[in-house]
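Data block for work-v2.cif (mmCIF, C-alpha atoms):
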data_structure
#
loop_
_atom_site.label_atom_id
_atom_site.label_comp_id
_atom_site.auth_asym_id
_atom_site.auth_seq_id
_atom_site.Cartn_x
_atom_site.Cartn_y
_atom_site.Cartn_z
CA MET A 1 131.20 98.08 105.29
CA ALA A 2 128.30 100.42 104.64
CA LEU A 3 128.21 103.66 106.56
CA TYR A 4 125.69 104.15 109.35
CA PRO A 5 123.09 105.40 109.85
CA LYS A 6 121.30 104.12 106.76
CA LYS A 7 118.35 106.36 106.02
CA PHE A 8 115.20 105.36 104.16
CA ASN A 9 111.43 105.88 104.17
CA PHE A 10 108.94 103.12 105.00
CA ASN A 11 105.58 103.42 103.25
CA TYR A 12 102.67 102.40 105.47
CA HIS A 13 99.42 102.78 103.51
CA GLY A 14 100.67 106.01 101.97
CA TYR A 15 102.14 107.33 105.24
CA LEU A 16 105.90 107.74 104.89
CA ILE A 17 107.80 106.90 108.06
CA PRO A 18 111.37 108.31 108.01
CA CYS A 19 113.77 105.61 109.26
CA GLU A 20 117.38 105.46 110.37
CA LEU A 21 119.16 102.12 110.71
CA TYR A 22 121.97 101.72 113.23
CA LEU A 23 124.08 98.86 114.52
CA PRO A 24 123.33 97.66 118.08
CA HIS A 25 125.08 99.31 121.00
CA PRO A 26 128.59 97.79 121.37
CA LEU A 27 127.91 96.76 124.99
CA THR A 28 124.91 94.63 124.02
CA LYS A 29 125.79 90.97 124.52
CA LYS A 30 122.99 89.49 122.40
CA PRO A 31 122.04 92.09 119.79
CA LYS A 32 118.35 92.17 118.90
CA ILE A 33 116.27 94.39 116.72
CA SER A 34 115.01 97.42 118.64
CA LEU A 35 112.75 100.27 117.54
CA SER A 36 112.46 103.75 119.01
CA ILE A 37 111.08 107.08 117.88
CA THR A 38 113.11 110.26 118.24
CA PRO A 39 111.58 113.66 119.13
CA GLU A 40 112.09 114.52 115.45
CA GLN A 41 109.56 111.77 114.59
CA ILE A 42 112.17 109.48 113.05
CA LEU A 43 111.99 105.72 113.54
CA ARG A 44 115.36 104.63 114.88
CA ILE A 45 116.15 100.98 114.23
CA ARG A 46 118.99 99.00 115.74
CA ALA A 47 119.73 95.65 114.16
CA PRO A 48 122.71 93.30 113.69
CA GLN A 49 124.59 94.02 110.48
CA LYS A 50 123.61 90.76 108.75
CA THR A 51 119.88 91.03 109.44
CA PRO A 52 118.01 90.24 106.16
CA ARG A 53 116.20 93.28 104.79
CA THR A 54 112.98 91.29 104.35
CA TYR A 55 113.02 90.33 108.04
CA LEU A 56 113.70 93.93 109.06
CA ILE A 57 110.80 95.20 106.94
CA GLY A 58 108.57 92.55 108.49
CA VAL A 59 109.39 93.82 111.99
CA ILE A 60 108.57 97.40 110.98
CA GLU A 61 105.31 96.31 109.35
CA LYS A 62 104.30 94.46 112.52
CA HIS A 63 104.58 97.63 114.60
CA ALA A 64 103.78 100.21 111.89
CA SER A 65 100.32 101.06 113.21
CA LYS A 66 101.61 101.90 116.70
CA ILE A 67 104.59 103.76 115.23
CA VAL A 68 102.35 106.03 113.14
CA GLN A 69 100.07 106.61 116.13
CA HIS A 70 103.04 107.59 118.32
CA ILE A 71 104.47 109.94 115.67
CA GLU A 72 101.11 111.64 115.18
CA THR A 73 100.77 112.07 118.96
CA GLN A 74 104.16 113.80 119.09
CA GLN A 75 103.22 116.03 116.17
CA ASN A 76 99.95 117.02 117.84
CA HIS A 77 101.83 117.97 121.03
CA LEU A 78 104.11 120.25 119.04
CA LYS A 79 101.21 121.83 117.13
CA LYS A 80 99.52 122.73 120.41
CA ARG A 81 102.63 124.49 121.65
CA GLU A 82 104.17 127.47 119.93
CA LYS A 83 107.92 127.92 119.82
CA LEU A 84 109.26 129.24 123.12
CA GLN A 85 109.84 133.00 123.03
CA PHE A 86 111.47 133.52 126.46
CA ILE A 87 109.33 136.53 127.25
CA GLN A 88 107.33 137.86 130.21
CA SER A 89 104.68 135.48 131.63
CA GLU A 90 105.59 132.63 129.29
CA LYS A 91 105.32 129.25 131.06
CA HIS A 92 108.24 126.82 131.30
CA LEU A 93 108.46 123.26 132.58
CA PHE A 94 110.25 122.28 135.77
CA LEU A 95 109.77 118.94 137.57
CA GLY A 96 106.62 118.19 135.62
CA LYS A 97 104.85 121.53 136.19
CA TYR A 98 104.62 124.79 134.26
CA TYR A 99 105.82 128.02 135.84
CA PRO A 100 105.43 131.55 134.39
CA LEU A 101 108.43 133.82 133.91
CA ASN A 102 108.56 137.08 135.85
CA ILE A 103 111.34 139.08 134.22
CA LYS A 104 112.77 142.08 136.07
CA GLU A 105 115.35 144.28 134.34
CA ASN A 106 117.85 146.53 136.09
CA ILE A 107 121.39 147.46 135.07
CA HIS A 108 122.49 146.84 138.68
CA TYR A 109 121.06 143.31 138.86
CA LYS A 110 123.28 140.29 139.06
CA PRO A 111 121.62 137.77 136.67
CA ASN A 112 119.82 135.05 138.64
CA ILE A 113 116.66 132.96 138.74
CA GLN A 114 114.59 132.06 141.79
CA LEU A 115 111.49 129.87 141.92
CA ILE A 116 109.22 131.52 144.49
CA ASP A 117 105.50 130.89 145.04
CA GLY A 118 105.06 129.13 141.71
CA ILE A 119 106.81 131.84 139.67
CA LEU A 120 110.22 131.78 137.97
CA ASN A 121 111.58 135.19 138.99
CA ILE A 122 114.34 136.31 136.63
CA ASN A 123 116.58 139.23 137.54
CA ILE A 124 118.70 140.41 134.63
CA ARG A 125 120.40 143.56 133.40
CA GLN A 126 118.91 143.39 129.92
CA GLY A 127 116.11 140.90 129.29
CA THR A 128 116.50 140.01 125.63
CA PRO A 129 115.01 136.61 124.68
CA GLN A 130 118.49 135.30 123.85
CA LYS A 131 119.88 136.27 127.27
CA ILE A 132 116.81 134.92 129.06
CA GLU A 133 117.22 131.63 127.20
CA ARG A 134 120.90 131.33 128.15
CA LEU A 135 120.22 132.22 131.79
CA LEU A 136 117.32 129.76 132.00
CA ASP A 137 119.48 127.05 130.42
CA SER A 138 122.20 127.64 133.04
CA TRP A 139 119.58 127.52 135.79
CA TYR A 140 118.21 124.21 134.46
CA ARG A 141 121.73 122.78 134.42
CA PHE A 142 122.46 123.87 137.99
CA GLN A 143 119.14 122.44 139.19
CA ALA A 144 119.80 119.18 137.33
CA LEU A 145 123.26 118.72 138.84
CA ASP A 146 121.99 119.40 142.33
CA LEU A 147 118.79 117.34 142.17
CA PHE A 148 120.17 114.37 140.20
CA PHE A 149 123.03 113.96 142.66
CA GLU A 150 120.56 114.16 145.55
CA ARG A 151 118.31 111.50 143.98
CA ILE A 152 121.26 109.19 143.36
CA LEU A 153 122.06 109.37 147.08
CA VAL A 154 118.43 108.51 147.91
CA ILE A 155 118.43 105.56 145.48
CA LYS A 156 121.92 104.39 146.47
CA PRO A 157 120.82 101.89 149.19
CA SER A 158 118.74 100.04 146.57
CA ILE A 159 121.80 99.48 144.34
CA PRO A 160 124.13 97.23 146.41
CA TRP A 161 126.05 95.89 143.38
CA ILE A 162 127.89 99.20 143.02
CA ASP A 163 130.88 99.85 145.29
CA TRP A 164 129.71 103.24 146.52
CA GLU A 165 132.52 103.66 149.03
CA ASN A 166 135.47 102.99 146.76
CA GLN A 167 134.20 103.39 143.19
CA PRO A 168 131.03 105.50 143.05
CA PRO A 169 129.88 106.39 139.52
CA ILE A 170 130.72 109.80 138.15
CA LEU A 171 127.66 111.92 137.37
CA ARG A 172 127.60 113.82 134.09
CA ILE A 173 124.87 116.10 132.74
CA LYS A 174 124.39 116.45 129.02
CA LYS A 175 121.70 117.93 126.78
CA MET A 176 120.40 115.20 124.47
CA THR A 177 117.41 114.86 122.19
CA SER A 178 116.95 111.10 121.86
CA ARG A 179 117.95 109.47 125.14
CA TRP A 180 117.35 110.13 128.82
CA GLY A 181 120.57 108.67 130.14
CA SER A 182 123.41 106.21 129.74
CA TYR A 183 125.74 104.15 131.89
CA ILE A 184 129.35 103.32 131.06
CA ASN A 185 130.52 100.34 133.07
CA ARG A 186 134.21 100.93 133.56
CA SER A 187 136.51 102.10 136.32
CA PRO A 188 135.35 104.61 137.33
CA SER A 189 131.86 104.10 135.93
CA ILE A 190 129.93 107.04 134.47
CA ILE A 191 126.22 107.79 134.64
CA THR A 192 125.11 110.45 132.17
CA LEU A 193 121.69 112.05 132.57
CA ASN A 194 119.86 114.30 130.16
CA GLN A 195 119.65 117.88 131.37
CA HIS A 196 116.11 118.13 129.95
CA LEU A 197 115.07 115.41 132.40
CA ILE A 198 114.87 118.15 135.05
CA LYS A 199 111.60 119.19 133.37
CA ALA A 200 110.02 115.78 134.10
CA PRO A 201 108.23 114.70 137.30
CA LEU A 202 110.47 113.45 140.12
CA SER A 203 109.22 109.86 139.74
CA CYS A 204 110.34 109.84 136.11
CA ILE A 205 113.78 111.15 137.10
CA ASP A 206 114.10 108.38 139.67
CA TYR A 207 113.08 105.81 137.05
CA VAL A 208 115.83 106.91 134.64
CA ILE A 209 118.46 106.87 137.40
CA ILE A 210 117.40 103.39 138.53
CA HIS A 211 117.31 102.19 134.91
CA GLU A 212 120.86 103.37 134.24
CA LEU A 213 122.30 102.10 137.53
CA CYS A 214 120.80 98.67 136.86
CA HIS A 215 123.04 98.54 133.79
CA ALA A 216 125.95 98.22 136.19
CA LYS A 217 124.73 94.66 136.80
CA GLU A 218 122.87 93.84 133.56
CA LEU A 219 124.34 95.50 130.46
CA ASN A 220 121.50 94.84 128.04
CA HIS A 221 117.72 95.11 128.24
CA SER A 222 117.12 91.45 129.01
CA LYS A 223 114.38 89.92 131.17
CA LYS A 224 116.88 89.87 134.04
CA PHE A 225 117.46 93.59 133.57
CA HIS A 226 113.77 94.49 133.64
CA ALA A 227 113.22 92.20 136.63
CA LEU A 228 116.00 94.06 138.41
CA VAL A 229 114.41 97.44 137.66
CA ALA A 230 111.00 96.12 138.78
CA LYS A 231 112.46 94.90 142.07
CA ILE A 232 113.45 98.47 142.92
CA MET A 233 110.59 100.28 141.19
CA PRO A 234 107.59 97.97 140.60
CA ASN A 235 105.64 100.63 138.64
CA TRP A 236 108.52 101.57 136.33
CA LYS A 237 106.42 101.03 133.19
CA ILE A 238 104.13 103.88 134.24
CA TYR A 239 107.02 106.34 134.39
CA GLN A 240 108.56 105.01 131.19
CA ALA A 241 105.22 105.62 129.45
CA GLN A 242 105.01 109.13 130.89
CA LEU A 243 108.44 109.99 129.50
CA LYS A 244 107.53 108.64 126.08
CA GLU A 245 104.23 110.52 126.08
CA ARG A 246 105.82 113.83 127.13
CA ALA A 247 109.08 113.50 125.19
CA SER A 248 108.14 116.09 122.57
CA LEU A 249 107.43 118.66 125.32
CA LEU A 250 110.31 117.83 127.65
CA LEU A 251 112.79 117.92 124.79
CA TYR A 252 111.16 120.92 123.16
CA ASN A 253 113.64 123.61 122.17
CA ALA A 254 116.50 121.16 122.78
CA GLN A 255 119.70 122.64 121.46
CA SER A 256 121.87 119.55 121.01
CA LYS A 257 121.81 117.21 118.03
CA ALA A 258 120.28 113.77 118.28
CA GLU A 259 122.51 111.24 119.97
CA ASP A 260 123.37 107.97 118.30
CA LYS A 261 121.80 105.31 120.44
#

This entry written out as structure tokens:
Amino acid sequence: MALYPKKFNFNYHGYLIPCELYLPHPLTKKPKISLSITPEQILRIRAPQKTPRTYLIGVIEKHASKIVQHIETQQNHLKKREKLQFIQSEKHLFLGKYYPLNIKENIHYKPNIQLIDGILNINIRQGTPQKIERLLDSWYRFQALDLFFERILVIKPSIPWIDWENQPPILRIKKMTSRWGSYINRSPSIITLNQHLIKAPLSCIDYVIIHELCHAKELNHSKKFHALVAKIMPNWKIYQAQLKERASLLLYNAQSKAEDK
């Protein structure tokens, strides 16, 4: 069997689209061809192993115009934003808004970050960019753990198919560059959420949590699955679109490698 991913370039009127071909997720009952674009502007394709190449190319050609448009939008976002320097007054995302850094150095300070009056106040012994980056990353992780757990509790009454009393899902936080979350339906079940999601608006965070918890009842992205999500969050497509539009900014400076999904 050929190794995956299979990498190739698709030529669309002289525009080369880098592609990676994967097999469908093992939990998918009825594998279908799916397309997604990673923050690295790579077209990720999932298709059953015996899919004819001509059919696969036809699917890409059908959506090529939108794919190129989406990739160019991501590239423009990145061009407008310089690489993060982790220095005084630089603005960083948190819950959909930008906040400037106010860095205070003192050898007697215990390193910590506090968001006060729209400013990320950073107390640190020595404020090198590397140390600021590590401290900010730890702060993001702490905020994500706290807030994501809180939002799961808020959403919990809308998810009656999970046995919250006896087998509540385990929450895990992970930095990822190509997915917002995942759900492993076993005992105990596991919901994994992207740490970078803490930079998105609260409504987008709720959407991802609802999306993943709906997988406890519907494993794949079928019509039943989307109907289930819509029952809980009727405007879910708005928040899905917001995440796609802001992906290059929310995942900017992501440290982990792209996940295989």

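Every protein, DNA or RNA residue with an atom at most 12 Å from Asn235 in chain A, where only C-alpha atoms count and chain neighbours fewer than 5 positions away do not, is listed here: Ser203, Cys204, Asp206, Tyr207, His226, Ala227, Val229, Ala230, Gln240, Ala241 and Gln242 of chain A.
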
Quick one: residues within 12 Å of Ser189 in chain A, all atoms listed in the file, excluding same-chain residues fewer than 2 positions away - as a list in words? Ile162, Asp163, Trp164, Asn166, Gln167, Pro168, Pro169, Ile170, Leu171, Arg172, Ser182, Tyr183, Ile184, Asn185, Arg186, Ser187, Ile191, Thr192, Glu212, Leu213, His215, Ala216 and Lys217 of chain A

Around (116.3, 121.7, 134.7) in the file's own coordinates, what residues are found within 8 Å if you use only C-alpha atoms, given back as a list in words? Phe94, Leu95, Asp137, Trp139, Tyr140, Arg141, Phe142, Gln143, Ala144, Gln195, His196, Leu197, Ile198 and Lys199 of chain A

May I have the selected residues written with C-alpha atoms, as an mmCIF file, in the frame of the given file?
data_model
loop_
_atom_site.group_PDB
_atom_site.id
_atom_site.type_symbol
_atom_site.label_atom_id
_atom_site.label_comp_id
_atom_site.auth_asym_id
_atom_site.auth_seq_id
_atom_site.Cartn_x
_atom_site.Cartn_y
_atom_site.Cartn_z
ATOM 1 C CA PHE A 94 110.250 122.280 135.770
ATOM 2 C CA LEU A 95 109.770 118.940 137.570
ATOM 3 C CA ASP A 137 119.480 127.050 130.420
ATOM 4 C CA TRP A 139 119.580 127.520 135.790
ATOM 5 C CA TYR A 140 118.210 124.210 134.460
ATOM 6 C CA ARG A 141 121.730 122.780 134.420
ATOM 7 C CA PHE A 142 122.460 123.870 137.990
ATOM 8 C CA GLN A 143 119.140 122.440 139.190
ATOM 9 C CA ALA A 144 119.800 119.180 137.330
ATOM 10 C CA GLN A 195 119.650 117.880 131.370
ATOM 11 C CA HIS A 196 116.110 118.130 129.950
ATOM 12 C CA LEU A 197 115.070 115.410 132.400
ATOM 13 C CA ILE A 198 114.870 118.150 135.050
ATOM 14 C CA LYS A 199 111.600 119.190 133.370
#

What would the selection look like, as a PDB file with C-alpha atoms, in the frame of the given file, if the PyMOL selection byres ((chain A and resi 43-49) around 6) were run on the coordinates I just shared?
ATOM      1  CA  CYS A  19     113.770 105.610 109.260  1.00  0.00           C
ATOM      2  CA  GLU A  20     117.380 105.460 110.370  1.00  0.00           C
ATOM      3  CA  LEU A  21     119.160 102.120 110.710  1.00  0.00           C
ATOM      4  CA  TYR A  22     121.970 101.720 113.230  1.00  0.00           C
ATOM      5  CA  LEU A  23     124.080  98.860 114.520  1.00  0.00           C
ATOM      6  CA  PRO A  24     123.330  97.660 118.080  1.00  0.00           C
ATOM      7  CA  ILE A  33     116.270  94.390 116.720  1.00  0.00           C
ATOM      8  CA  SER A  34     115.010  97.420 118.640  1.00  0.00           C
ATOM      9  CA  LEU A  35     112.750 100.270 117.540  1.00  0.00           C
ATOM     10  CA  SER A  36     112.460 103.750 119.010  1.00  0.00           C
ATOM     11  CA  ILE A  37     111.080 107.080 117.880  1.00  0.00           C
ATOM     12  CA  ILE A  42     112.170 109.480 113.050  1.00  0.00           C
ATOM     13  CA  LYS A  50     123.610  90.760 108.750  1.00  0.00           C
ATOM     14  CA  THR A  51     119.880  91.030 109.440  1.00  0.00           C
TER      15      THR A  51
END

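Candidate residues A:His13, A:Lys32, A:His221, A:His25 were compared for distance to Leu56 in chain A, and the nearest is A:Lys32, using all atoms listed in the file.
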
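The space separating CA of Ile124 in chain A from CA of Leu101 in chain A comes to 12.2 Å.
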
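Here CA of Tyr55 in chain A and CA of Leu16 in chain A stand 19.1 Å from one another.
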
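CA of Asn102 in chain A is positioned 10.5 Å from CA of Gly118 in chain A.
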
Using only C-alpha atoms, which protein or nucleic acid residues come within 9 Å of Ile152 in chain A? Drop anything in the same chain fewer than 3 positions from it, and give the result as a ChimeraX atom specification. /A:147-149,155-156,206,209-210

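Shortest atom-to-atom contact with Glu218 in chain A among A:Met233, A:Ile205, A:Trp161, A:Ile113: A:Trp161, counting all atoms listed in the file.
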
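Nearest residue to Leu251 in chain A among A:Ile190, A:Leu84, A:Ile232, A:Ile122 is A:Leu84, counting only C-alpha atoms.
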
Find the axis-aligned box for range 149-163 of chain A, covering all its listed atoms and adding 3 Å on each side, and write its centre and edge lengths in Å to one decimal as AutoDock Vina command-line options.
--center_x 124.6 --center_y 105.0 --center_z 145.9 --size_x 18.6 --size_y 24.3 --size_z 12.5

Missing atoms in range 127-138 of chain A: fill them in up to N, CA, C and O atoms and send the result as an mmCIF file, in the frame of the given file.
data_model
loop_
_atom_site.group_PDB
_atom_site.id
_atom_site.type_symbol
_atom_site.label_atom_id
_atom_site.label_comp_id
_atom_site.auth_asym_id
_atom_site.auth_seq_id
_atom_site.Cartn_x
_atom_site.Cartn_y
_atom_site.Cartn_z
ATOM 1 N N GLY A 127 116.878 142.130 129.496
ATOM 2 C CA GLY A 127 116.110 140.900 129.290
ATOM 3 C C GLY A 127 115.772 140.580 127.855
ATOM 4 O O GLY A 127 114.590 140.450 127.508
ATOM 5 N N THR A 128 116.770 140.444 127.000
ATOM 6 C CA THR A 128 116.500 140.010 125.630
ATOM 7 C C THR A 128 116.157 138.510 125.661
ATOM 8 O O THR A 128 116.627 137.778 126.538
ATOM 9 N N PRO A 129 115.348 138.038 124.715
ATOM 10 C CA PRO A 129 115.010 136.610 124.680
ATOM 11 C C PRO A 129 116.241 135.702 124.663
ATOM 12 O O PRO A 129 116.244 134.648 125.308
ATOM 13 N N GLN A 130 117.277 136.111 123.941
ATOM 14 C CA GLN A 130 118.490 135.300 123.850
ATOM 15 C C GLN A 130 119.179 135.178 125.215
ATOM 16 O O GLN A 130 119.627 134.095 125.611
ATOM 17 N N LYS A 131 119.243 136.288 125.948
ATOM 18 C CA LYS A 131 119.880 136.270 127.270
ATOM 19 C C LYS A 131 119.028 135.517 128.283
ATOM 20 O O LYS A 131 119.564 134.808 129.136
ATOM 21 N N ILE A 132 117.716 135.668 128.175
ATOM 22 C CA ILE A 132 116.810 134.920 129.060
ATOM 23 C C ILE A 132 116.974 133.424 128.813
ATOM 24 O O ILE A 132 117.032 132.620 129.753
ATOM 25 N N GLU A 133 117.057 133.041 127.556
ATOM 26 C CA GLU A 133 117.220 131.630 127.200
ATOM 27 C C GLU A 133 118.512 131.061 127.781
ATOM 28 O O GLU A 133 118.515 129.970 128.357
ATOM 29 N N ARG A 134 119.612 131.798 127.634
ATOM 30 C CA ARG A 134 120.900 131.330 128.150
ATOM 31 C C ARG A 134 120.887 131.231 129.678
ATOM 32 O O ARG A 134 121.403 130.276 130.263
ATOM 33 N N LEU A 135 120.278 132.225 130.328
ATOM 34 C CA LEU A 135 120.220 132.220 131.790
ATOM 35 C C LEU A 135 119.341 131.067 132.284
ATOM 36 O O LEU A 135 119.692 130.376 133.249
ATOM 37 N N LEU A 136 118.222 130.837 131.615
ATOM 38 C CA LEU A 136 117.320 129.760 132.000
ATOM 39 C C LEU A 136 117.999 128.401 131.779
ATOM 40 O O LEU A 136 117.857 127.482 132.592
ATOM 41 N N ASP A 137 118.760 128.291 130.705
ATOM 42 C CA ASP A 137 119.480 127.050 130.420
ATOM 43 C C ASP A 137 120.509 126.758 131.516
ATOM 44 O O ASP A 137 120.651 125.621 131.968
ATOM 45 N N SER A 138 121.216 127.807 131.955
ATOM 46 C CA SER A 138 122.200 127.640 133.040
ATOM 47 C C SER A 138 121.505 127.254 134.333
ATOM 48 O O SER A 138 122.018 126.430 135.095
#
